[in-house]
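Containing mmCIF, C-alpha atoms; chains and numbers go by the auth columns: data-v2.cif.
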```cif
data_work
loop_
_atom_site.group_PDB
_atom_site.id
_atom_site.type_symbol
_atom_site.label_atom_id
_atom_site.label_comp_id
_atom_site.label_asym_id
_atom_site.label_seq_id
_atom_site.Cartn_x
_atom_site.Cartn_y
_atom_site.Cartn_z
_atom_site.B_iso_or_equiv
_atom_site.auth_seq_id
_atom_site.auth_asym_id
ATOM 1 C CA MET A 1 69.886 -35.014 -104.767 0.00 1 A
ATOM 2 C CA ALA A 2 67.554 -32.552 -106.474 0.00 2 A
ATOM 3 C CA THR A 3 67.266 -29.046 -105.156 0.00 3 A
ATOM 4 C CA SER A 4 63.961 -27.273 -104.778 0.00 4 A
ATOM 5 C CA THR A 5 63.161 -24.392 -107.081 0.00 5 A
ATOM 6 C CA THR A 6 60.139 -23.324 -105.074 0.00 6 A
ATOM 7 C CA THR A 7 60.518 -19.881 -103.611 0.00 7 A
ATOM 8 C CA THR A 8 58.813 -18.520 -100.559 0.00 8 A
ATOM 9 C CA GLN A 9 56.849 -15.320 -100.692 0.00 9 A
ATOM 10 C CA ASP A 10 57.218 -14.521 -97.010 0.00 10 A
ATOM 11 C CA ASN A 11 59.880 -11.941 -97.741 0.00 11 A
ATOM 12 C CA LEU A 12 58.106 -10.297 -100.705 0.00 12 A
ATOM 13 C CA ARG A 13 56.656 -6.859 -100.165 0.00 13 A
ATOM 14 C CA SER A 14 54.383 -4.639 -102.220 0.00 14 A
ATOM 15 C CA ARG A 15 55.333 -1.046 -102.885 0.00 15 A
ATOM 16 C CA LEU A 16 52.010 0.285 -101.660 0.00 16 A
ATOM 17 C CA PRO A 17 49.542 -0.937 -99.045 0.00 17 A
ATOM 18 C CA ASP A 18 46.223 -2.535 -99.913 0.00 18 A
ATOM 19 C CA PRO A 19 44.108 0.215 -101.499 0.00 19 A
ATOM 20 C CA ALA A 20 40.802 -1.200 -100.170 0.00 20 A
ATOM 21 C CA PRO A 21 40.971 0.528 -96.753 0.00 21 A
ATOM 22 C CA LEU A 22 41.900 3.792 -98.453 0.00 22 A
ATOM 23 C CA PHE A 23 39.241 3.534 -101.171 0.00 23 A
ATOM 24 C CA PRO A 24 36.443 1.158 -100.083 0.00 24 A
ATOM 25 C CA GLU A 25 34.596 1.902 -103.323 0.00 25 A
ATOM 26 C CA LEU A 26 37.275 -0.030 -105.235 0.00 26 A
ATOM 27 C CA VAL A 27 36.052 -3.320 -103.806 0.00 27 A
ATOM 28 C CA THR A 28 32.527 -2.607 -105.031 0.00 28 A
ATOM 29 C CA MET A 29 33.772 -1.397 -108.408 0.00 29 A
ATOM 30 C CA ALA A 30 36.047 -4.410 -108.935 0.00 30 A
ATOM 31 C CA GLY A 31 33.240 -6.774 -107.956 0.00 31 A
ATOM 32 C CA THR A 32 30.844 -5.058 -110.335 0.00 32 A
ATOM 33 C CA MET A 33 33.362 -5.199 -113.187 0.00 33 A
ATOM 34 C CA THR A 34 33.882 -8.904 -112.573 0.00 34 A
ATOM 35 C CA ARG A 35 30.137 -9.614 -112.526 0.00 35 A
ATOM 36 C CA VAL A 36 29.680 -7.648 -115.755 0.00 36 A
ATOM 37 C CA ILE A 37 32.345 -9.581 -117.681 0.00 37 A
ATOM 38 C CA GLN A 38 31.222 -12.923 -116.281 0.00 38 A
ATOM 39 C CA ASN A 39 27.779 -12.568 -117.857 0.00 39 A
ATOM 40 C CA GLY A 40 28.036 -15.889 -119.703 0.00 40 A
ATOM 41 C CA SER A 41 28.401 -14.494 -123.220 0.00 41 A
ATOM 42 C CA VAL A 42 32.141 -15.283 -123.267 0.00 42 A
ATOM 43 C CA PRO A 43 33.508 -18.436 -121.625 0.00 43 A
ATOM 44 C CA LYS A 44 35.442 -17.797 -118.398 0.00 44 A
ATOM 45 C CA THR A 45 38.396 -19.632 -119.905 0.00 45 A
ATOM 46 C CA THR A 46 38.515 -17.160 -122.790 0.00 46 A
ATOM 47 C CA ILE A 47 38.349 -14.260 -120.335 0.00 47 A
ATOM 48 C CA HIS A 48 41.357 -15.586 -118.421 0.00 48 A
ATOM 49 C CA LEU A 49 43.279 -16.435 -121.608 0.00 49 A
ATOM 50 C CA VAL A 50 42.814 -12.859 -122.824 0.00 50 A
ATOM 51 C CA GLN A 51 43.812 -11.392 -119.474 0.00 51 A
ATOM 52 C CA LEU A 52 46.838 -13.710 -119.245 0.00 52 A
ATOM 53 C CA ARG A 53 47.959 -12.547 -122.682 0.00 53 A
ATOM 54 C CA ALA A 54 47.547 -8.920 -121.593 0.00 54 A
ATOM 55 C CA GLY A 55 49.742 -9.569 -118.548 0.00 55 A
ATOM 56 C CA GLN A 56 52.362 -11.186 -120.782 0.00 56 A
ATOM 57 C CA LEU A 57 52.290 -8.305 -123.249 0.00 57 A
ATOM 58 C CA VAL A 58 52.967 -5.711 -120.566 0.00 58 A
ATOM 59 C CA GLY A 59 55.476 -7.951 -118.802 0.00 59 A
ATOM 60 C CA ASN A 60 53.668 -8.120 -115.483 0.00 60 A
ATOM 61 C CA THR A 61 54.331 -11.112 -113.232 0.00 61 A
ATOM 62 C CA TYR A 62 51.402 -10.397 -110.921 0.00 62 A
ATOM 63 C CA HIS A 63 48.852 -10.669 -113.737 0.00 63 A
ATOM 64 C CA THR A 64 50.509 -13.625 -115.467 0.00 64 A
ATOM 65 C CA VAL A 65 50.651 -15.600 -112.215 0.00 65 A
ATOM 66 C CA ARG A 66 47.098 -14.612 -111.237 0.00 66 A
ATOM 67 C CA GLN A 67 45.538 -15.474 -114.595 0.00 67 A
ATOM 68 C CA SER A 68 47.547 -18.702 -114.896 0.00 68 A
ATOM 69 C CA GLY A 69 46.191 -19.685 -111.482 0.00 69 A
ATOM 70 C CA GLU A 70 42.631 -18.859 -112.542 0.00 70 A
ATOM 71 C CA LEU A 71 43.080 -21.066 -115.614 0.00 71 A
ATOM 72 C CA ARG A 72 44.461 -23.936 -113.513 0.00 72 A
ATOM 73 C CA GLN A 73 41.500 -23.651 -111.146 0.00 73 A
ATOM 74 C CA ALA A 74 39.216 -23.884 -114.186 0.00 74 A
ATOM 75 C CA GLY A 75 40.917 -27.163 -115.147 0.00 75 A
ATOM 76 C CA GLU A 76 43.015 -25.864 -118.021 0.00 76 A
ATOM 77 C CA THR A 77 46.079 -27.863 -119.040 0.00 77 A
ATOM 78 C CA GLU A 78 49.612 -26.624 -118.550 0.00 78 A
ATOM 79 C CA GLU A 79 50.082 -26.892 -122.320 0.00 79 A
ATOM 80 C CA ARG A 80 47.311 -24.394 -123.004 0.00 80 A
ATOM 81 C CA ILE A 81 48.401 -22.032 -120.251 0.00 81 A
ATOM 82 C CA THR A 82 52.030 -22.092 -121.360 0.00 82 A
ATOM 83 C CA ALA A 83 51.157 -21.792 -125.045 0.00 83 A
ATOM 84 C CA VAL A 84 49.276 -18.500 -124.607 0.00 84 A
ATOM 85 C CA ALA A 85 52.609 -16.728 -125.164 0.00 85 A
ATOM 86 C CA SER A 86 52.905 -18.424 -128.568 0.00 86 A
ATOM 87 C CA TRP A 87 49.211 -18.883 -129.362 0.00 87 A
ATOM 88 C CA ARG A 88 49.581 -18.133 -133.085 0.00 88 A
ATOM 89 C CA ASP A 89 51.354 -21.417 -133.806 0.00 89 A
ATOM 90 C CA ALA A 90 50.030 -23.464 -130.880 0.00 90 A
ATOM 91 C CA PRO A 91 47.477 -26.185 -131.692 0.00 91 A
ATOM 92 C CA TYR A 92 45.555 -25.772 -128.422 0.00 92 A
ATOM 93 C CA PHE A 93 43.114 -22.936 -129.119 0.00 93 A
ATOM 94 C CA THR A 94 39.747 -22.650 -130.823 0.00 94 A
ATOM 95 C CA GLU A 95 39.236 -20.081 -133.573 0.00 95 A
ATOM 96 C CA ALA A 96 37.097 -17.995 -131.199 0.00 96 A
ATOM 97 C CA GLU A 97 39.898 -18.012 -128.588 0.00 97 A
ATOM 98 C CA ARG A 98 42.449 -17.125 -131.259 0.00 98 A
ATOM 99 C CA VAL A 99 40.514 -14.078 -132.417 0.00 99 A
ATOM 100 C CA ALA A 100 40.058 -12.970 -128.779 0.00 100 A
ATOM 101 C CA LEU A 101 43.826 -13.280 -128.214 0.00 101 A
ATOM 102 C CA GLU A 102 44.485 -11.384 -131.424 0.00 102 A
ATOM 103 C CA LEU A 103 42.081 -8.666 -130.293 0.00 103 A
ATOM 104 C CA VAL A 104 43.860 -8.091 -126.966 0.00 104 A
ATOM 105 C CA GLU A 105 47.204 -8.002 -128.776 0.00 105 A
ATOM 106 C CA ALA A 106 45.842 -5.454 -131.246 0.00 106 A
ATOM 107 C CA VAL A 107 44.572 -3.221 -128.434 0.00 107 A
ATOM 108 C CA LEU A 108 47.829 -3.360 -126.447 0.00 108 A
ATOM 109 C CA THR A 109 50.347 -3.258 -129.294 0.00 109 A
ATOM 110 C CA PRO A 110 51.074 0.075 -130.987 0.00 110 A
ATOM 111 C CA ASN A 111 50.614 0.052 -134.739 0.00 111 A
ATOM 112 C CA PRO A 112 52.420 3.045 -136.244 0.00 112 A
ATOM 113 C CA SER A 113 51.090 2.269 -139.729 0.00 113 A
ATOM 114 C CA GLY A 114 47.383 1.974 -139.077 0.00 114 A
ATOM 115 C CA GLU A 115 44.515 1.209 -136.772 0.00 115 A
ATOM 116 C CA ARG A 116 45.193 -1.067 -133.856 0.00 116 A
ATOM 117 C CA VAL A 117 41.916 -2.911 -134.402 0.00 117 A
ATOM 118 C CA PRO A 118 41.384 -2.969 -138.152 0.00 118 A
ATOM 119 C CA ASP A 119 37.976 -3.658 -139.695 0.00 119 A
ATOM 120 C CA GLU A 120 39.171 -7.093 -140.877 0.00 120 A
ATOM 121 C CA LEU A 121 39.974 -8.199 -137.304 0.00 121 A
ATOM 122 C CA PHE A 122 36.689 -6.790 -136.037 0.00 122 A
ATOM 123 C CA ALA A 123 34.819 -8.673 -138.775 0.00 123 A
ATOM 124 C CA ARG A 124 36.529 -11.956 -137.867 0.00 124 A
ATOM 125 C CA ALA A 125 35.724 -11.368 -134.196 0.00 125 A
ATOM 126 C CA THR A 126 32.051 -10.722 -134.921 0.00 126 A
ATOM 127 C CA GLY A 127 32.006 -14.006 -136.804 0.00 127 A
ATOM 128 C CA HIS A 128 32.512 -15.709 -133.423 0.00 128 A
ATOM 129 C CA TYR A 129 30.926 -13.263 -130.990 0.00 129 A
ATOM 130 C CA ASP A 130 27.564 -11.462 -131.065 0.00 130 A
ATOM 131 C CA ASP A 131 27.133 -7.844 -129.914 0.00 131 A
ATOM 132 C CA ARG A 132 26.856 -8.759 -126.219 0.00 132 A
ATOM 133 C CA ALA A 133 29.938 -10.985 -126.398 0.00 133 A
ATOM 134 C CA MET A 134 31.911 -8.350 -128.357 0.00 134 A
ATOM 135 C CA TRP A 135 31.095 -5.791 -125.680 0.00 135 A
ATOM 136 C CA THR A 136 32.059 -8.338 -123.049 0.00 136 A
ATOM 137 C CA LEU A 137 35.434 -8.981 -124.716 0.00 137 A
ATOM 138 C CA THR A 138 35.971 -5.233 -124.967 0.00 138 A
ATOM 139 C CA LEU A 139 35.210 -4.877 -121.254 0.00 139 A
ATOM 140 C CA VAL A 140 37.454 -7.860 -120.413 0.00 140 A
ATOM 141 C CA ILE A 141 40.331 -6.008 -122.059 0.00 141 A
ATOM 142 C CA SER A 142 39.227 -2.783 -120.387 0.00 142 A
ATOM 143 C CA GLN A 143 39.195 -4.448 -116.971 0.00 143 A
ATOM 144 C CA ILE A 144 42.719 -5.821 -117.266 0.00 144 A
ATOM 145 C CA CYS A 145 43.921 -2.490 -118.670 0.00 145 A
ATOM 146 C CA TYR A 146 42.509 -0.805 -115.584 0.00 146 A
ATOM 147 C CA PHE A 147 44.415 -3.133 -113.263 0.00 147 A
ATOM 148 C CA ILE A 148 47.720 -3.156 -115.183 0.00 148 A
ATOM 149 C CA PRO A 149 48.914 0.223 -113.796 0.00 149 A
ATOM 150 C CA VAL A 150 47.851 -0.875 -110.313 0.00 150 A
ATOM 151 C CA ALA A 151 50.094 -3.935 -110.597 0.00 151 A
ATOM 152 C CA LEU A 152 52.988 -2.092 -112.237 0.00 152 A
ATOM 153 C CA VAL A 153 53.073 0.752 -109.715 0.00 153 A
ATOM 154 C CA ALA A 154 51.897 -0.871 -106.453 0.00 154 A
ATOM 155 C CA LYS A 155 53.502 -4.283 -107.146 0.00 155 A
ATOM 156 C CA PRO A 156 51.071 -6.600 -105.332 0.00 156 A
ATOM 157 C CA ILE A 157 52.628 -9.936 -104.417 0.00 157 A
ATOM 158 C CA PRO A 158 52.322 -12.491 -107.243 0.00 158 A
ATOM 159 C CA GLY A 159 50.495 -15.642 -106.230 0.00 159 A
ATOM 160 C CA ALA A 160 49.250 -14.269 -102.916 0.00 160 A
ATOM 161 C CA PRO A 161 45.490 -14.570 -102.369 0.00 161 A
ATOM 162 C CA LEU A 162 43.395 -11.444 -102.802 0.00 162 A
ATOM 163 C CA GLY A 163 43.359 -9.565 -99.527 0.00 163 A
ATOM 164 C CA GLU A 164 46.858 -10.835 -98.745 0.00 164 A
ATOM 165 C CA ASN A 165 48.621 -9.559 -101.857 0.00 165 A
ATOM 166 C CA TYR A 166 49.629 -6.207 -100.358 0.00 166 A
ATOM 167 C CA ARG A 167 52.228 -6.366 -97.610 0.00 167 A
ATOM 168 C CA ARG A 168 54.755 -3.605 -96.908 0.00 168 A
#
```

Give the structure from this file in structure tokens form.
Amino acid sequence: MATSTTTTQDNLRSRLPDPAPLFPELVTMAGTMTRVIQNGSVPKTTIHLVQLRAGQLVGNTYHTVRQSGELRQAGETEERITAVASWRDAPYFTEAERVALELVEAVLTPNPSGERVPDELFARATGHYDDRAMWTLTLVISQICYFIPVALVAKPIPGAPLGENYRR
């Protein structure tokens, strides 16, 4: 008889309460940020791939679960979602997606011997993305970088729907 590996989240608690009642402006700001990055210049799949990779790089379960769920909802395969962690040798990504993943890694990975985003990487990225899309990718990374400390400090509940992810 097989045993279930599914865990319940009923007993999970966040460290902090939902910030929305304390700072109502956050809801507006988060909504605006989302509308800005979903302007159509970068595919939504690429946005979620980049944000999933950011969550992996900082070791945050909340963001990896959330972005994996967003990718599943968009119809992405488990192979592509799983392979984000090893995208460099995975056969599942377009060149444009690869350069976007490389860009988020460059931003989030210290480089003691040089620039984090060297001119060569920027040039490859602009070969796939125009100015609007490059700004969008930059803001995609900015958005996830804004929410990383929130997740690391407040510890919202992974997999819980928005509005139900803070429970003390």

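Each of A:Arg72, A:Arg168, A:Arg80, A:Arg53 was checked against Leu103 (chain A) using all atoms listed in the file; the smallest atom-to-atom distance is that of A:Arg53.
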
Q: Taking the file as shown, find all residues satisfying the PyMOL selection byres ((chain A and resi 136-148) around 10) and write them as a ChimeraX atom specification.
A: /A:30,33-34,36-42,46-48,50-52,54-55,58-60,62-63,100,103-105,107-108,125,129-135,149-155

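Going from CA of Asp89 (chain A) over to CA of Leu121 (chain A), you cover 17.8 Å.
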
Q: Output the residue selection produced by the PyMOL selection byres ((chain A and resi 164) around 12) on the file above, formatted as a list in words.
A: Gln9, Asp10, Leu12, Arg13, Ser14, Pro17, Asp18, Pro19, Ala20, Pro156, Ile157, Pro158, Gly159, Ala160, Pro161, Leu162, Gly163, Asn165, Tyr166, Arg167 and Arg168 of chain A

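Distance annotation: of A:Leu57, A:Leu16, A:Ala74, A:Val27, the residue with the minimal separation from Pro110 (chain A) is A:Leu57; atom set is only C-alpha atoms.
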
Q: Find the residues around Thr77 (chain A) up to 12 Å (only C-alpha atoms counted), leave out those fewer than 5 positions away in its own chain, and share them as JSON, numbers by chain.
A: {"A": [45, 68, 69, 70, 71, 72, 82, 83, 84, 92, 93]}

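Between CA of Pro112 (chain A) and CA of Glu97 (chain A) lies a distance of 25.7 Å.
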
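For the atom pair formed by CA of Asn111 (chain A) and CA of Thr61 (chain A), the distance is 24.5 Å, given to one decimal.
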
Q) Which of these, A:Thr28, A:Thr64, A:Gln56, A:Asn11, has the shortest distance to Ser86 (chain A) once you count only C-alpha atoms? A) A:Gln56

Regenerate region 72-95 of chain A at the level of N, CA and C atoms and dump it as a PDB file, in the coordinates of the input.
```pdb
ATOM      1  N   ARG A  72      44.259 -22.626-114.161  1.00  0.00           N
ATOM      2  CA  ARG A  72      44.461 -23.936-113.513  1.00  0.00           C
ATOM      3  C   ARG A  72      43.233 -24.326-112.700  1.00  0.00           C
ATOM      4  N   GLN A  73      42.707 -23.379-111.947  1.00  0.00           N
ATOM      5  CA  GLN A  73      41.500 -23.651-111.146  1.00  0.00           C
ATOM      6  C   GLN A  73      40.324 -24.053-112.035  1.00  0.00           C
ATOM      7  N   ALA A  74      40.296 -23.543-113.250  1.00  0.00           N
ATOM      8  CA  ALA A  74      39.216 -23.884-114.186  1.00  0.00           C
ATOM      9  C   ALA A  74      39.482 -25.208-114.896  1.00  0.00           C
ATOM     10  N   GLY A  75      40.620 -25.860-114.569  1.00  0.00           N
ATOM     11  CA  GLY A  75      40.917 -27.163-115.147  1.00  0.00           C
ATOM     12  C   GLY A  75      41.687 -27.128-116.445  1.00  0.00           C
ATOM     13  N   GLU A  76      42.243 -25.963-116.783  1.00  0.00           N
ATOM     14  CA  GLU A  76      43.015 -25.864-118.021  1.00  0.00           C
ATOM     15  C   GLU A  76      44.339 -26.604-117.897  1.00  0.00           C
ATOM     16  N   THR A  77      44.818 -27.121-119.018  1.00  0.00           N
ATOM     17  CA  THR A  77      46.079 -27.863-119.040  1.00  0.00           C
ATOM     18  C   THR A  77      47.266 -26.909-119.029  1.00  0.00           C
ATOM     19  N   GLU A  78      48.383 -27.416-118.543  1.00  0.00           N
ATOM     20  CA  GLU A  78      49.612 -26.624-118.550  1.00  0.00           C
ATOM     21  C   GLU A  78      50.020 -26.271-119.979  1.00  0.00           C
ATOM     22  N   GLU A  79      49.735 -27.172-120.925  1.00  0.00           N
ATOM     23  CA  GLU A  79      50.082 -26.892-122.320  1.00  0.00           C
ATOM     24  C   GLU A  79      49.357 -25.644-122.822  1.00  0.00           C
ATOM     25  N   ARG A  80      48.067 -25.574-122.547  1.00  0.00           N
ATOM     26  CA  ARG A  80      47.311 -24.394-123.004  1.00  0.00           C
ATOM     27  C   ARG A  80      47.764 -23.130-122.296  1.00  0.00           C
ATOM     28  N   ILE A  81      47.980 -23.216-121.009  1.00  0.00           N
ATOM     29  CA  ILE A  81      48.401 -22.032-120.251  1.00  0.00           C
ATOM     30  C   ILE A  81      49.763 -21.540-120.758  1.00  0.00           C
ATOM     31  N   THR A  82      50.687 -22.455-120.903  1.00  0.00           N
ATOM     32  CA  THR A  82      52.030 -22.092-121.360  1.00  0.00           C
ATOM     33  C   THR A  82      52.009 -21.559-122.789  1.00  0.00           C
ATOM     34  N   ALA A  83      51.178 -22.140-123.631  1.00  0.00           N
ATOM     35  CA  ALA A  83      51.157 -21.792-125.045  1.00  0.00           C
ATOM     36  C   ALA A  83      50.488 -20.452-125.335  1.00  0.00           C
ATOM     37  N   VAL A  84      49.887 -19.808-124.351  1.00  0.00           N
ATOM     38  CA  VAL A  84      49.276 -18.500-124.607  1.00  0.00           C
ATOM     39  C   VAL A  84      50.324 -17.536-125.165  1.00  0.00           C
ATOM     40  N   ALA A  85      51.543 -17.622-124.687  1.00  0.00           N
ATOM     41  CA  ALA A  85      52.609 -16.728-125.164  1.00  0.00           C
ATOM     42  C   ALA A  85      52.914 -16.936-126.645  1.00  0.00           C
ATOM     43  N   SER A  86      52.637 -18.123-127.160  1.00  0.00           N
ATOM     44  CA  SER A  86      52.905 -18.424-128.568  1.00  0.00           C
ATOM     45  C   SER A  86      51.650 -18.954-129.255  1.00  0.00           C
ATOM     46  N   TRP A  87      50.516 -18.382-128.928  1.00  0.00           N
ATOM     47  CA  TRP A  87      49.211 -18.883-129.362  1.00  0.00           C
ATOM     48  C   TRP A  87      49.071 -18.985-130.875  1.00  0.00           C
ATOM     49  N   ARG A  88      49.759 -18.142-131.624  1.00  0.00           N
ATOM     50  CA  ARG A  88      49.581 -18.133-133.085  1.00  0.00           C
ATOM     51  C   ARG A  88      49.957 -19.465-133.729  1.00  0.00           C
ATOM     52  N   ASP A  89      50.966 -20.132-133.201  1.00  0.00           N
ATOM     53  CA  ASP A  89      51.354 -21.417-133.806  1.00  0.00           C
ATOM     54  C   ASP A  89      51.061 -22.613-132.904  1.00  0.00           C
ATOM     55  N   ALA A  90      50.374 -22.374-131.807  1.00  0.00           N
ATOM     56  CA  ALA A  90      50.030 -23.464-130.880  1.00  0.00           C
ATOM     57  C   ALA A  90      48.739 -24.142-131.332  1.00  0.00           C
ATOM     58  N   PRO A  91      48.669 -25.462-131.234  1.00  0.00           N
ATOM     59  CA  PRO A  91      47.477 -26.185-131.692  1.00  0.00           C
ATOM     60  C   PRO A  91      46.350 -26.280-130.671  1.00  0.00           C
ATOM     61  N   TYR A  92      46.444 -25.552-129.555  1.00  0.00           N
ATOM     62  CA  TYR A  92      45.555 -25.772-128.422  1.00  0.00           C
ATOM     63  C   TYR A  92      44.324 -24.872-128.340  1.00  0.00           C
ATOM     64  N   PHE A  93      44.150 -23.953-129.275  1.00  0.00           N
ATOM     65  CA  PHE A  93      43.114 -22.936-129.119  1.00  0.00           C
ATOM     66  C   PHE A  93      42.065 -23.006-130.222  1.00  0.00           C
ATOM     67  N   THR A  94      40.831 -22.709-129.842  1.00  0.00           N
ATOM     68  CA  THR A  94      39.747 -22.650-130.823  1.00  0.00           C
ATOM     69  C   THR A  94      39.910 -21.372-131.651  1.00  0.00           C
ATOM     70  N   GLU A  95      39.192 -21.301-132.749  1.00  0.00           N
ATOM     71  CA  GLU A  95      39.236 -20.081-133.573  1.00  0.00           C
ATOM     72  C   GLU A  95      38.683 -18.883-132.805  1.00  0.00           C
TER      73      GLU A  95
END
```
